[in-house]
Amino acid sequence: MTAIETETFLEYILVEHRWIIVMVALLPISLIWKIWSTLRNYVVFKLNSAPKMHIKKVKEVQSQVKAWLAGDRSTRLCTARPGWQAMSFRQGIYKKTFTNIKVNLVDVLEVDMENMTVRCEPLVTMGQLSRTLEPLGLALAVVPELDQLTVGGLVMGTGVESSSHIYGLFQHFCLQYELVLADGSVVTCSKDENPDLFYAVPWSYGTLGFLTSAVIKVVPAKKYIRLEYRPYNKLSDLAHHFVEESVKDKPHQFIEALLFTKNSGVLMTGDMVDKIGDDGKFNPIGKWYAEWFFKQVERHLTNNRTAVEYVPLRDYYHRHTRSFFWELQDIIPFGNHPIFRYLLGWLMPPEVSLLKLTQPEAVTKLYDKAHVIQDMLVPVEHLEKAINVFHDEIEVYPIWLCPFRVFNHPGQLKIKTKADSQMFVDIGVYGVPKAKGYETVTSTRRIEAFVSKHDGFQMLYADTYTTLEEFRAMFDHTLYDKVRDSLPYCKDAFPEIYGKVNRSVRK
Ligand SMILES: Cc1cc2nc3c(=O)[nH]c(=O)nc-3n(C[C@H](O)[C@H](O)[C@H](O)COP(=O)(O)OP(=O)(O)OC[C@H]3O[C@@H](n4cnc5c(N)ncnc54)[C@H](O)[C@@H]3O)c2cc1C
Ligand SMILES: NC(=O)C1=CN([C@@H]2O[C@H](COP(=O)(O)OP(=O)(O)OC[C@H]3O[C@@H](n4cnc5c(N)ncnc54)[C@H](OP(=O)(O)O)[C@@H]3O)[C@@H](O)[C@H]2O)C=CC1
Ligand SMILES: CC(C)=CCC[C@@H](C)[C@H]1CC[C@H]2C3=C(CC[C@]12C)[C@@]1(C)CC[C@H](O)C[C@@H]1CC3
């Protein structure tokens with residue numbers, strides 16, 4: 001075999017049989033990583049050192065910013081969290097050229113049972129938080145999937161899940177932020193204190209300052225979710241019931257839908273309950289041997305009748321984590337096979353960060369060419385039209401549908417109504433496009449134009465192909481620009497949002 005033939009062969013194995021690397025190396029390393037981080041969190045809590053250490057850790061962030069301030073300020077600032085650890089497919093190229101500020105704040109600081117809030121440092125993950133809150137009978141108002149999403153990333157970006165039709169996006173139930181600004185000062189902001197900064201932080205992608213803690217609203221939690229599955233075989237029927245359920249006066253606590261073809265899908269509505277009723281069976285969907293959730297949902301479509309199940313609370317919150325929605329089937333095609341699940345299911349899923357770290361160039365190229373990872377947010381009345389456009393342009397199934405409320409707050413998400421909120425739907429498209437004529441840039445740009453024209457938004461963890469002008473038309477920069485103008489050194493320290501999320505600064 002020549003060197004070229006060996007390289008081609010290796011590339012073929014890495015692309016077509018990535019599961020070999022994942023099983024032999026990534027799953028065992030992921031397990032070690034999980035054990036280490038669980039032990040570390042446990043020790044920190046037992047020593048009760050986290051709250052006391054917070055002020056010292058914030059001072060360390062301040063002193064790094066002040067050191068930059070005292071220098072020639074020829075570079076800009078970003079967090080030192082490596083791109084491969086972040087929960088998006090891409091990595092920021094700017095991490096290599098900007099001054100990296102270490103914001104290693106990983107702890108849950110305080111659970112305030114009286115005011116129903118939790119104060120967290122930015123690297124606290126959703127998995128860690130739901131584990132901490134559950135024994136107290138509490139939960140975040142919205143728990144964004146996946147487990148490894150961080151408070152910092154969700155505050156600076158956004159978070160959405162199946163209770164967002166009631167509570168809104170992650171920013172809507174955050175009550176206070178503590179930030180280190182570009183002049184090295186520490187400020188707190190809330191709707192009453194520094195409100196401009198408070199409303200400009202969400203969707204700012206770390207371009208106003210470094211988040212060091214956030215106070216987040218929690219809600220009472222019960223042990224189970226009573227989950228009702230309703231299959232539909234006509235898009236207009238599904239869309240009609242989806243909208244009806246989302247906007248009604250007393251909605252179910254959780255709503256989502258999965259579309260399996262353009263005309264068929266399952267609408268799921270859920271409510272917290274303390275006891276398992278006799279109208280459905282108990283289904284611990286988070287157990288290592290359980291079938292992947294989206295596959296279970298698909299069965300309700302095949303059965304074609306309404307069904308009820310009782311699901312443990314945390315299993316529900318993290319229902320799409322074990323299969324990364326349906327993305328893991330491309331990496332481990334037999335991952336949902338009963339033999340695999342019973343023997344090795346407990347090792348799943350591999351860490352997203354390790355998958356990113358070990359991703360071969362050939363896989364990146366393949367994903368660039370023929371893989372979509374996008375969440376488009378459109379006013380819910382355009383749902384049916386949007387699905388038709390997505391079908392024509394991309395044709396990827398399943399599609400995730402999640403209703404959410406955007407409150408009429410100042411900031412980057414401006415809604416076109418005088419009412420105090422507007423209902424949107426997140427259309428999540430993850431997979432290999434089957435539409436004829438699909439071409440990554442032109443097809444995505446057409447979808448982006450559709451979303452913008454219909455007063456929608458694009459989630460920025462995904463690839464955006466908009467120009468700066470188009471981006472500024474999608475997101476209202478009025479308050480954001482005002483805040484950047486008013487904060488000392490802010491424009492020297494941080495680029496605009498577009499400067500951190502556009503396709504050319506990510507690889
Ligand atoms: C700051 C804080 C204050 C709390 N106050 C109370 C209280 O007043 N009364 C009460 O009854 N319970 C309180 N709890 C929750 C209670 O301690 C939980 O039952 C606890 O997390 C379970 O501990 P465990 O020994 O079973 O560990 P595990 O069950 O292994 O821990 C649960 C998980 O919680 C996370 N976790 C726990 N502590 C921390 C931490 N300090 N930093 C980061 N992650 C962490 C970790 O991810 C860990 O894996 C509090 C928890 C925290 C974090
Ligand atoms: N269910 C959901 O809602 C899902 C949401 N997502 C998206 O994933 C992203 C979150 O992923 P995650 O890995 O947690 O975050 P990332 O590390 O991807 O961070 C996202 C952005 O927030 C900035 N940021 C993070 N922490 C801080 C901080 N302490 N101070 C200042 N800026 C900060 C980062 O800045 P920098 O570049 O300087 O590091 C980056 O620009 C969000 O964009 C979210 O919308 C993804 C999947 C599901
Ligand atoms: C619910 C919302 C709003 C978004 C869900 C997005 C996820 C489906 C993606 C977020 C990060 C993505 C990554 C991958 C698949 C899709 C996501 C989980 C990979 C695992 C795909 C394979 C690559 O080699 C690594 C990717 C890491 C990020």
# chains A, B, ... in the order shown; residues from 1 in each chain; ligands from 1
>>> residues_around(residues="Ala86 in chain A", least_positions_apart="4", cutoff="9 Å", atoms="only C-alpha atoms", output="PyMOL selection string")
chain A and resi 81-82+90-91+148-150+153+352-353
>>> residues_near_ligand(ligand="ligand 3", cutoff="8 Å", atoms="only C-alpha atoms and all ligand atoms", output="mmCIF file with N, CA, C and O atoms, in the first residue's frame")
data_model
loop_
_atom_site.group_PDB
_atom_site.id
_atom_site.type_symbol
_atom_site.label_atom_id
_atom_site.label_comp_id
_atom_site.auth_asym_id
_atom_site.auth_seq_id
_atom_site.Cartn_x
_atom_site.Cartn_y
_atom_site.Cartn_z
ATOM 1 N N MET A 87 -20.720 23.836 23.037
ATOM 2 C CA MET A 87 -21.777 22.980 22.496
ATOM 3 C C MET A 87 -22.297 23.448 21.146
ATOM 4 O O MET A 87 -23.505 23.614 20.974
ATOM 5 N N SER A 88 -21.400 23.723 20.229
ATOM 6 C CA SER A 88 -21.895 23.949 18.880
ATOM 7 C C SER A 88 -20.962 23.183 17.963
ATOM 8 O O SER A 88 -19.878 22.771 18.366
ATOM 9 N N PHE A 89 -21.419 22.980 16.750
ATOM 10 C CA PHE A 89 -20.623 22.161 15.843
ATOM 11 C C PHE A 89 -19.277 22.826 15.517
ATOM 12 O O PHE A 89 -18.256 22.171 15.388
ATOM 13 N N ARG A 90 -19.281 24.167 15.444
ATOM 14 C CA ARG A 90 -18.071 24.903 15.031
ATOM 15 C C ARG A 90 -17.209 25.332 16.203
ATOM 16 O O ARG A 90 -17.653 25.359 17.337
ATOM 17 N N PRO A 144 -32.851 23.590 29.202
ATOM 18 C CA PRO A 144 -32.451 23.326 27.819
ATOM 19 C C PRO A 144 -31.687 22.010 27.686
ATOM 20 O O PRO A 144 -30.847 21.704 28.518
ATOM 21 N N GLU A 145 -32.057 21.212 26.675
ATOM 22 C CA GLU A 145 -31.241 20.056 26.331
ATOM 23 C C GLU A 145 -30.019 20.601 25.616
ATOM 24 O O GLU A 145 -30.161 21.560 24.836
ATOM 25 N N LEU A 146 -28.886 20.158 25.750
ATOM 26 C CA LEU A 146 -28.383 18.900 26.216
ATOM 27 C C LEU A 146 -27.684 19.099 27.568
ATOM 28 O O LEU A 146 -27.450 20.248 27.969
ATOM 29 N N GLY A 159 -31.446 29.826 25.330
ATOM 30 C CA GLY A 159 -31.843 28.455 25.634
ATOM 31 C C GLY A 159 -33.333 28.307 25.453
ATOM 32 O O GLY A 159 -34.108 29.206 25.794
ATOM 33 N N VAL A 160 -33.725 27.168 24.888
ATOM 34 C CA VAL A 160 -35.144 26.940 24.627
ATOM 35 C C VAL A 160 -35.465 25.485 24.920
ATOM 36 O O VAL A 160 -34.629 24.602 24.700
ATOM 37 N N GLU A 161 -36.632 25.236 25.459
ATOM 38 C CA GLU A 161 -37.088 23.858 25.669
ATOM 39 C C GLU A 161 -38.611 23.822 25.758
ATOM 40 O O GLU A 161 -39.256 24.850 25.601
ATOM 41 N N PHE A 324 -28.384 12.593 21.291
ATOM 42 C CA PHE A 324 -28.195 13.930 20.704
ATOM 43 C C PHE A 324 -29.299 14.187 19.675
ATOM 44 O O PHE A 324 -29.048 14.351 18.492
ATOM 45 N N PHE A 325 -30.537 14.192 20.151
ATOM 46 C CA PHE A 325 -31.710 14.207 19.284
ATOM 47 C C PHE A 325 -31.619 12.943 18.417
ATOM 48 O O PHE A 325 -31.743 11.864 18.951
ATOM 49 N N TRP A 326 -31.265 13.042 17.140
ATOM 50 C CA TRP A 326 -31.100 11.828 16.326
ATOM 51 C C TRP A 326 -29.732 11.831 15.644
ATOM 52 O O TRP A 326 -29.475 11.085 14.717
ATOM 53 N N GLU A 327 -28.846 12.696 16.135
ATOM 54 C CA GLU A 327 -27.536 12.853 15.494
ATOM 55 C C GLU A 327 -26.617 11.655 15.733
ATOM 56 O O GLU A 327 -25.733 11.386 14.924
ATOM 57 N N LEU A 328 -26.822 10.940 16.824
ATOM 58 C CA LEU A 328 -25.892 9.859 17.144
ATOM 59 C C LEU A 328 -26.046 8.669 16.192
ATOM 60 O O LEU A 328 -25.125 7.879 16.022
ATOM 61 N N ILE A 331 -23.387 8.435 13.761
ATOM 62 C CA ILE A 331 -22.053 8.107 14.267
ATOM 63 C C ILE A 331 -21.990 6.644 14.716
ATOM 64 O O ILE A 331 -21.040 5.934 14.414
ATOM 65 N N VAL A 352 -19.730 15.344 23.809
ATOM 66 C CA VAL A 352 -19.715 16.163 22.585
ATOM 67 C C VAL A 352 -18.327 16.763 22.382
ATOM 68 O O VAL A 352 -17.777 16.789 21.283
ATOM 69 N N SER A 353 -17.720 17.221 23.522
ATOM 70 C CA SER A 353 -16.413 17.872 23.418
ATOM 71 C C SER A 353 -15.360 16.906 22.839
ATOM 72 O O SER A 353 -14.548 17.300 22.004
ATOM 73 N N LEU A 355 -15.966 14.323 20.909
ATOM 74 C CA LEU A 355 -16.288 14.104 19.488
ATOM 75 C C LEU A 355 -15.719 15.236 18.651
ATOM 76 O O LEU A 355 -15.141 15.025 17.581
ATOM 77 N N LYS A 356 -15.864 16.465 19.183
ATOM 78 C CA LYS A 356 -15.350 17.616 18.434
ATOM 79 C C LYS A 356 -13.828 17.593 18.364
ATOM 80 O O LYS A 356 -13.231 17.850 17.333
ATOM 81 N N THR A 358 -11.802 15.164 18.445
ATOM 82 C CA THR A 358 -11.190 14.102 17.636
ATOM 83 C C THR A 358 -11.795 14.044 16.235
ATOM 84 O O THR A 358 -11.571 13.076 15.514
ATOM 85 N N GLN A 359 -12.553 15.078 15.875
ATOM 86 C CA GLN A 359 -13.221 15.021 14.571
ATOM 87 C C GLN A 359 -12.225 15.170 13.428
ATOM 88 O O GLN A 359 -11.525 16.173 13.331
ATOM 89 N N VAL A 363 -14.418 14.457 8.102
ATOM 90 C CA VAL A 363 -15.786 14.523 8.626
ATOM 91 C C VAL A 363 -16.277 15.969 8.598
ATOM 92 O O VAL A 363 -17.420 16.257 8.231
ATOM 93 N N THR A 364 -15.388 16.906 8.959
ATOM 94 C CA THR A 364 -15.771 18.329 8.907
ATOM 95 C C THR A 364 -16.199 18.699 7.491
ATOM 96 O O THR A 364 -17.228 19.353 7.293
ATOM 97 N N ILE A 373 -27.258 21.596 10.691
ATOM 98 C CA ILE A 373 -27.553 21.720 12.128
ATOM 99 C C ILE A 373 -28.035 23.158 12.306
ATOM 100 O O ILE A 373 -27.238 24.091 12.301
ATOM 101 N N GLN A 374 -29.338 23.347 12.359
ATOM 102 C CA GLN A 374 -29.910 24.697 12.412
ATOM 103 C C GLN A 374 -31.148 24.716 13.291
ATOM 104 O O GLN A 374 -31.921 23.753 13.295
ATOM 105 N N ASP A 375 -31.325 25.810 14.038
ATOM 106 C CA ASP A 375 -32.598 26.065 14.702
ATOM 107 C C ASP A 375 -33.093 27.410 14.230
ATOM 108 O O ASP A 375 -32.413 28.427 14.423
ATOM 109 N N TRP A 400 -37.525 18.879 14.848
ATOM 110 C CA TRP A 400 -37.957 19.195 16.229
ATOM 111 C C TRP A 400 -38.770 20.472 16.222
ATOM 112 O O TRP A 400 -38.317 21.489 15.680
ATOM 113 N N ASP A 426 -39.629 27.027 17.546
ATOM 114 C CA ASP A 426 -38.259 26.671 17.159
ATOM 115 C C ASP A 426 -38.359 25.474 16.226
ATOM 116 O O ASP A 426 -38.898 24.426 16.599
ATOM 117 N N GLY A 428 -36.175 22.864 14.624
ATOM 118 C CA GLY A 428 -34.817 22.314 14.729
ATOM 119 C C GLY A 428 -34.578 21.274 13.649
ATOM 120 O O GLY A 428 -35.296 20.270 13.577
ATOM 121 N N VAL A 429 -33.588 21.533 12.798
ATOM 122 C CA VAL A 429 -33.314 20.642 11.671
ATOM 123 C C VAL A 429 -31.896 20.111 11.816
ATOM 124 O O VAL A 429 -30.935 20.870 11.699
ATOM 125 N N TYR A 430 -31.779 18.839 12.094
ATOM 126 C CA TYR A 430 -30.455 18.251 12.321
ATOM 127 C C TYR A 430 -30.343 16.973 11.492
ATOM 128 O O TYR A 430 -31.064 16.022 11.759
ATOM 129 N N MET A 459 -30.874 30.749 15.512
ATOM 130 C CA MET A 459 -30.047 30.528 16.705
ATOM 131 C C MET A 459 -28.577 30.581 16.313
ATOM 132 O O MET A 459 -28.178 30.016 15.302
ATOM 133 N N TYR A 461 -25.721 29.542 17.701
ATOM 134 C CA TYR A 461 -24.730 28.481 17.895
ATOM 135 C C TYR A 461 -24.492 27.786 16.554
ATOM 136 O O TYR A 461 -23.468 27.159 16.333
ATOM 137 N N ALA A 462 -25.482 27.938 15.637
ATOM 138 C CA ALA A 462 -25.400 27.280 14.327
ATOM 139 C C ALA A 462 -24.666 28.185 13.333
ATOM 140 O O ALA A 462 -24.324 29.315 13.649
#
>>> residues_around(residues="Asp420 in chain A", least_positions_apart="6", cutoff="10 Å", atoms="only C-alpha atoms", output="ChimeraX atom specification")
/A:405-409
>>> residues_near_ligand(ligand="ligand 1", cutoff="12 Å", atoms="only C-alpha atoms and all ligand atoms", output="mmCIF file with C-alpha atoms, in the first residue's frame")
data_model
loop_
_atom_site.group_PDB
_atom_site.id
_atom_site.type_symbol
_atom_site.label_atom_id
_atom_site.label_comp_id
_atom_site.auth_asym_id
_atom_site.auth_seq_id
_atom_site.Cartn_x
_atom_site.Cartn_y
_atom_site.Cartn_z
ATOM 1 C CA LYS A 34 -17.777 11.859 33.731
ATOM 2 C CA ILE A 35 -16.469 10.084 36.868
ATOM 3 C CA TRP A 36 -13.831 12.772 37.404
ATOM 4 C CA SER A 37 -16.250 15.708 37.066
ATOM 5 C CA THR A 38 -18.888 14.067 39.294
ATOM 6 C CA LEU A 39 -16.255 13.420 42.004
ATOM 7 C CA ARG A 40 -14.899 16.935 41.711
ATOM 8 C CA ASN A 41 -18.356 18.487 42.115
ATOM 9 C CA TYR A 42 -19.111 16.213 45.038
ATOM 10 C CA VAL A 43 -15.898 17.177 46.869
ATOM 11 C CA VAL A 44 -16.446 20.900 46.211
ATOM 12 C CA PHE A 45 -19.910 20.701 47.685
ATOM 13 C CA LYS A 46 -18.870 18.606 50.703
ATOM 14 C CA LEU A 47 -16.085 21.084 51.510
ATOM 15 C CA ASN A 48 -18.643 23.833 51.029
ATOM 16 C CA SER A 49 -15.938 25.940 49.528
ATOM 17 C CA ALA A 50 -17.676 27.139 46.395
ATOM 18 C CA PRO A 51 -19.596 30.187 47.707
ATOM 19 C CA LYS A 52 -16.593 31.414 49.719
ATOM 20 C CA MET A 53 -14.282 31.088 46.748
ATOM 21 C CA HIS A 54 -16.543 33.023 44.371
ATOM 22 C CA LEU A 105 -16.218 29.331 37.609
ATOM 23 C CA VAL A 106 -17.981 25.980 37.841
ATOM 24 C CA ASP A 107 -20.156 25.983 40.953
ATOM 25 C CA VAL A 108 -23.749 26.225 42.046
ATOM 26 C CA LEU A 109 -23.483 28.993 44.656
ATOM 27 C CA GLU A 110 -26.804 29.190 46.447
ATOM 28 C CA VAL A 111 -30.255 27.716 46.306
ATOM 29 C CA ASP A 112 -32.693 30.253 47.805
ATOM 30 C CA MET A 113 -35.818 28.278 48.680
ATOM 31 C CA GLU A 114 -37.643 31.377 49.941
ATOM 32 C CA THR A 117 -33.923 31.244 42.840
ATOM 33 C CA VAL A 118 -30.590 29.564 42.227
ATOM 34 C CA ARG A 119 -27.322 31.489 41.860
ATOM 35 C CA CYS A 120 -24.840 29.826 39.538
ATOM 36 C CA GLU A 121 -21.421 30.396 38.117
ATOM 37 C CA PRO A 122 -21.192 30.377 34.312
ATOM 38 C CA LEU A 123 -19.686 26.934 33.745
ATOM 39 C CA VAL A 124 -22.435 25.112 35.662
ATOM 40 C CA THR A 125 -24.041 22.684 33.214
ATOM 41 C CA MET A 126 -27.715 21.855 32.771
ATOM 42 C CA GLY A 127 -27.090 18.232 33.846
ATOM 43 C CA GLN A 128 -25.322 19.367 37.019
ATOM 44 C CA LEU A 129 -28.051 21.870 37.817
ATOM 45 C CA SER A 130 -30.991 19.514 37.359
ATOM 46 C CA ARG A 131 -29.156 16.942 39.552
ATOM 47 C CA THR A 132 -28.636 19.559 42.275
ATOM 48 C CA LEU A 133 -32.192 20.901 42.188
ATOM 49 C CA GLU A 134 -34.114 17.632 41.941
ATOM 50 C CA PRO A 135 -33.583 16.467 45.552
ATOM 51 C CA LEU A 136 -34.892 19.871 46.694
ATOM 52 C CA GLY A 137 -38.109 19.420 44.715
ATOM 53 C CA LEU A 138 -37.079 22.198 42.339
ATOM 54 C CA ALA A 139 -36.297 22.652 38.672
ATOM 55 C CA ASP A 147 -26.729 18.058 29.586
ATOM 56 C CA GLN A 148 -23.448 19.830 28.785
#
>>> residues_around(residues="range 258-266 of chain A", least_positions_apart="3", cutoff="8 Å", atoms="only C-alpha atoms", output="NGL selection string")
:A and (229-235 or 238 or 294 or 297-298 or 300-301 or 387-388 or 391 or 397-401)
>>> closest_residue(among="A:Val247, A:Val380, A:Ile225, A:Val186", to="Arg314 in chain A", atoms="only C-alpha atoms")
A:Ile225
>>> atom_distance(atom1="CA of Thr466 in chain A", atom2="CA of Phe450 in chain A")
11.9 Å
>>> closest_atom_pairs(of="range 330-422 of chain A", to="range 190-209 of chain A", cutoff="7 Å", atoms="only C-alpha atoms", output="tab-separated table")
residue	atom	partner	partner_atom	distance
A:Pro410	CA	A:Tyr199	CA	5.9
A:Gly411	CA	A:Ala200	CA	5.1
A:Gln412	CA	A:Ala200	CA	6.8
>>> write_last_selection(atoms="all heavy atoms", output="PDB file, in the first residue's frame")
ATOM      1  N   PRO A 410     -36.893  45.047  25.992  1.00  0.00           N
ATOM      2  CA  PRO A 410     -35.897  45.678  25.124  1.00  0.00           C
ATOM      3  C   PRO A 410     -34.796  44.661  24.803  1.00  0.00           C
ATOM      4  O   PRO A 410     -34.679  43.661  25.500  1.00  0.00           O
ATOM      5  CB  PRO A 410     -35.329  46.807  26.011  1.00  0.00           C
ATOM      6  CG  PRO A 410     -36.184  46.868  27.227  1.00  0.00           C
ATOM      7  CD  PRO A 410     -36.920  45.590  27.354  1.00  0.00           C
ATOM      8  N   GLY A 411     -34.016  44.946  23.783  1.00  0.00           N
ATOM      9  CA  GLY A 411     -32.901  44.044  23.481  1.00  0.00           C
ATOM     10  C   GLY A 411     -32.891  43.592  22.041  1.00  0.00           C
ATOM     11  O   GLY A 411     -33.604  44.147  21.200  1.00  0.00           O
ATOM     12  N   GLN A 412     -32.097  42.569  21.771  1.00  0.00           N
ATOM     13  CA  GLN A 412     -31.859  42.162  20.388  1.00  0.00           C
ATOM     14  C   GLN A 412     -33.065  41.471  19.746  1.00  0.00           C
ATOM     15  O   GLN A 412     -33.219  41.479  18.553  1.00  0.00           O
ATOM     16  CB  GLN A 412     -30.632  41.249  20.308  1.00  0.00           C
ATOM     17  CG  GLN A 412     -29.303  41.980  20.455  1.00  0.00           C
ATOM     18  CD  GLN A 412     -28.903  42.168  21.910  1.00  0.00           C
ATOM     19  OE1 GLN A 412     -29.624  42.757  22.705  1.00  0.00           O
ATOM     20  NE2 GLN A 412     -27.725  41.681  22.286  1.00  0.00           N
TER      21      GLN A 412
END
>>> residues_around(residues="Ile32 in chain A", least_positions_apart="6", cutoff="12 Å", atoms="only C-alpha atoms", output="ChimeraX atom specification")
/A:25-26,38-39,347,350-351,354
>>> closest_residue(among="A:Asp392, A:Glu178, A:Glu244, A:Asp183", to="Ala70 in chain A", atoms="only C-alpha atoms")
A:Asp183
>>> closest_residue(among="A:Leu479, A:Ser164, A:Tyr94, A:Thr99", to="Asp72 in chain A", atoms="only C-alpha atoms")
A:Thr99
>>> atom_distance(atom1="CA of Lys222 in chain A", atom2="CA of Leu313 in chain A")
7.2 Å
>>> select_by_dssp(residues="range 28-203 of chain A", states="helix (DSSP H, G or I)", output="JSON, numbers by chain")
{"A": [28, 29, 30, 31, 32, 33, 34, 35, 36, 37, 38, 39, 40, 41, 42, 43, 44, 45, 46, 47, 50, 51, 52, 53, 54, 55, 56, 57, 58, 59, 60, 61, 62, 63, 64, 65, 66, 67, 68, 69, 70, 83, 84, 85, 94, 95, 96, 97, 126, 127, 128, 129, 130, 131, 132, 133, 134, 135, 136, 151, 152, 153, 154, 155, 156, 164, 165, 166, 167, 170, 171, 172, 173, 195, 196, 197, 198, 199, 200]}
>>> closest_residue(among="A:Ile20, A:Ile497, A:Ile29, A:Val218", to="ligand 2", atoms="only C-alpha atoms and all ligand atoms")
A:Ile497
>>> atom_distance(atom1="CA of Cys490 in chain A", atom2="CA of Thr97 in chain A")
17.6 Å
